[in-house]
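> Starting off with a structure, shown below.
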Amino acid sequence: MRCVIARYPFDLTKSEVEQSMTGIKPETVTGVAVTIGRRVYPVMQVGEVITRQNRRDFTVLEMHRALTRLGFTCHDARAIAPAPAPAPAPTSHPAIRADEDAPGW
């Protein structure tokens, strides 16, 4: 399939992209990602590998469009789960409840 990335035409197929990405370690995903095989790559990393251009030469939108047209699944980065809230601090004395008047020491 012909894709235009950074004003240059590329004839890409899904199998060629998969083959190009074999053996490439995925970088940390912070934005838009693409699933290739069982791995999740940043679309800009994939674009750099398959076009052999600098990442500043093309946009995320161009790569997202090209990879989607080739049949890959593009998605946003997975949200990082927030840290669990700390447990509430115990009261100073179990017999004193918060609604009772405590001595003002």
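Ordered as shown in the structure tokens, chains take letters A, B, and onward, while each chain numbers its residues from 1 and ligands are numbered from 1 in the order shown.
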Near A:Tyr8, within 12 Å and counting only C-alpha atoms, which residues show up once chain neighbours fewer than 2 positions away are dropped, as an mmCIF file with N, CA, C and O atoms, in the first residue's frame?

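The result, stored in result-v1.cif:
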```
data_model
loop_
_atom_site.group_PDB
_atom_site.id
_atom_site.type_symbol
_atom_site.label_atom_id
_atom_site.label_comp_id
_atom_site.auth_asym_id
_atom_site.auth_seq_id
_atom_site.Cartn_x
_atom_site.Cartn_y
_atom_site.Cartn_z
ATOM 1 N N ARG A 2 0.534 2.199 -0.797
ATOM 2 C CA ARG A 2 1.317 3.431 -0.863
ATOM 3 C C ARG A 2 0.887 4.368 0.253
ATOM 4 O O ARG A 2 -0.276 4.701 0.395
ATOM 5 N N CYS A 3 1.858 4.786 1.067
ATOM 6 C CA CYS A 3 1.628 5.716 2.168
ATOM 7 C C CYS A 3 2.577 6.894 1.993
ATOM 8 O O CYS A 3 3.741 6.711 1.644
ATOM 9 N N VAL A 4 2.082 8.098 2.241
ATOM 10 C CA VAL A 4 2.920 9.283 2.176
ATOM 11 C C VAL A 4 3.229 9.698 3.610
ATOM 12 O O VAL A 4 2.342 10.002 4.394
ATOM 13 N N ILE A 5 4.514 9.675 3.933
ATOM 14 C CA ILE A 5 4.978 10.041 5.271
ATOM 15 C C ILE A 5 6.089 11.069 5.090
ATOM 16 O O ILE A 5 7.074 10.807 4.387
ATOM 17 N N ALA A 6 5.928 12.224 5.687
ATOM 18 C CA ALA A 6 6.883 13.330 5.587
ATOM 19 C C ALA A 6 7.126 13.697 4.121
ATOM 20 O O ALA A 6 8.258 13.910 3.696
ATOM 21 N N PHE A 10 5.914 5.856 0.323
ATOM 22 C CA PHE A 10 6.447 4.552 0.725
ATOM 23 C C PHE A 10 5.458 3.481 0.313
ATOM 24 O O PHE A 10 4.252 3.642 0.492
ATOM 25 N N ASP A 11 5.966 2.398 -0.263
ATOM 26 C CA ASP A 11 5.140 1.236 -0.558
ATOM 27 C C ASP A 11 5.366 0.240 0.562
ATOM 28 O O ASP A 11 6.402 -0.425 0.631
ATOM 29 N N THR A 51 10.774 4.043 8.012
ATOM 30 C CA THR A 51 11.085 5.073 7.016
ATOM 31 C C THR A 51 12.563 5.434 6.985
ATOM 32 O O THR A 51 13.017 6.066 6.033
ATOM 33 N N ARG A 52 13.291 5.086 8.044
ATOM 34 C CA ARG A 52 14.704 5.445 8.193
ATOM 35 C C ARG A 52 14.894 6.966 8.170
ATOM 36 O O ARG A 52 15.890 7.474 7.684
ATOM 37 N N GLN A 53 13.884 7.671 8.703
ATOM 38 C CA GLN A 53 13.946 9.126 8.809
ATOM 39 C C GLN A 53 13.992 9.524 10.273
ATOM 40 O O GLN A 53 13.633 8.737 11.143
ATOM 41 N N ASP A 57 10.849 14.524 11.327
ATOM 42 C CA ASP A 57 10.442 14.729 9.945
ATOM 43 C C ASP A 57 8.989 14.343 9.673
ATOM 44 O O ASP A 57 8.457 14.690 8.618
ATOM 45 N N PHE A 58 8.362 13.620 10.568
ATOM 46 C CA PHE A 58 6.969 13.211 10.364
ATOM 47 C C PHE A 58 6.196 13.388 11.659
ATOM 48 O O PHE A 58 6.775 13.628 12.712
ATOM 49 N N GLU A 62 0.481 11.271 10.899
ATOM 50 C CA GLU A 62 0.864 10.584 9.662
ATOM 51 C C GLU A 62 1.109 9.100 9.912
ATOM 52 O O GLU A 62 0.650 8.240 9.145
#
```
> Could you pull the residues within 12 Å of A:Thr59, counting only C-alpha atoms, minus those fewer than 3 positions along the same chain, as a PyMOL selection string?
chain A and resi 4-7+32+43-48+53-56+62-66
> Restricting the calculation to only C-alpha atoms: of A:Gly71, A:Pro42, A:Pro9, A:Pro88, which residue gets closest to A:Ile24?
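With only C-alpha atoms as the atom set, the closest residue is A:Pro42.
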> Considering only C-alpha atoms, can you say which of A:Leu61, A:Ala77, A:Val29, A:Ile50 comes closest to A:Leu12?
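When distances to A:Leu12 are compared using only C-alpha atoms, the smallest one comes from A:Ile50.
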> Which one is closest to A:Glu16: A:Ala33, A:Cys74, A:Met1, A:Val60? Count only C-alpha atoms.
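Among the listed residues, A:Met1 lies closest to A:Glu16.
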> Go ahead and compute the interatomic distance for atom CA of A:Thr73 and atom CA of A:Val49, in Å to one decimal.
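A separation of 17.6 Å between them.
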> Mind listing the strand (DSSP E or B) residues of stretch 22-72 of chain A, per DSSP on the backbone, as JSON, numbers by chain?
{"A": [32, 33, 34, 35, 36, 39, 40, 41, 42]}
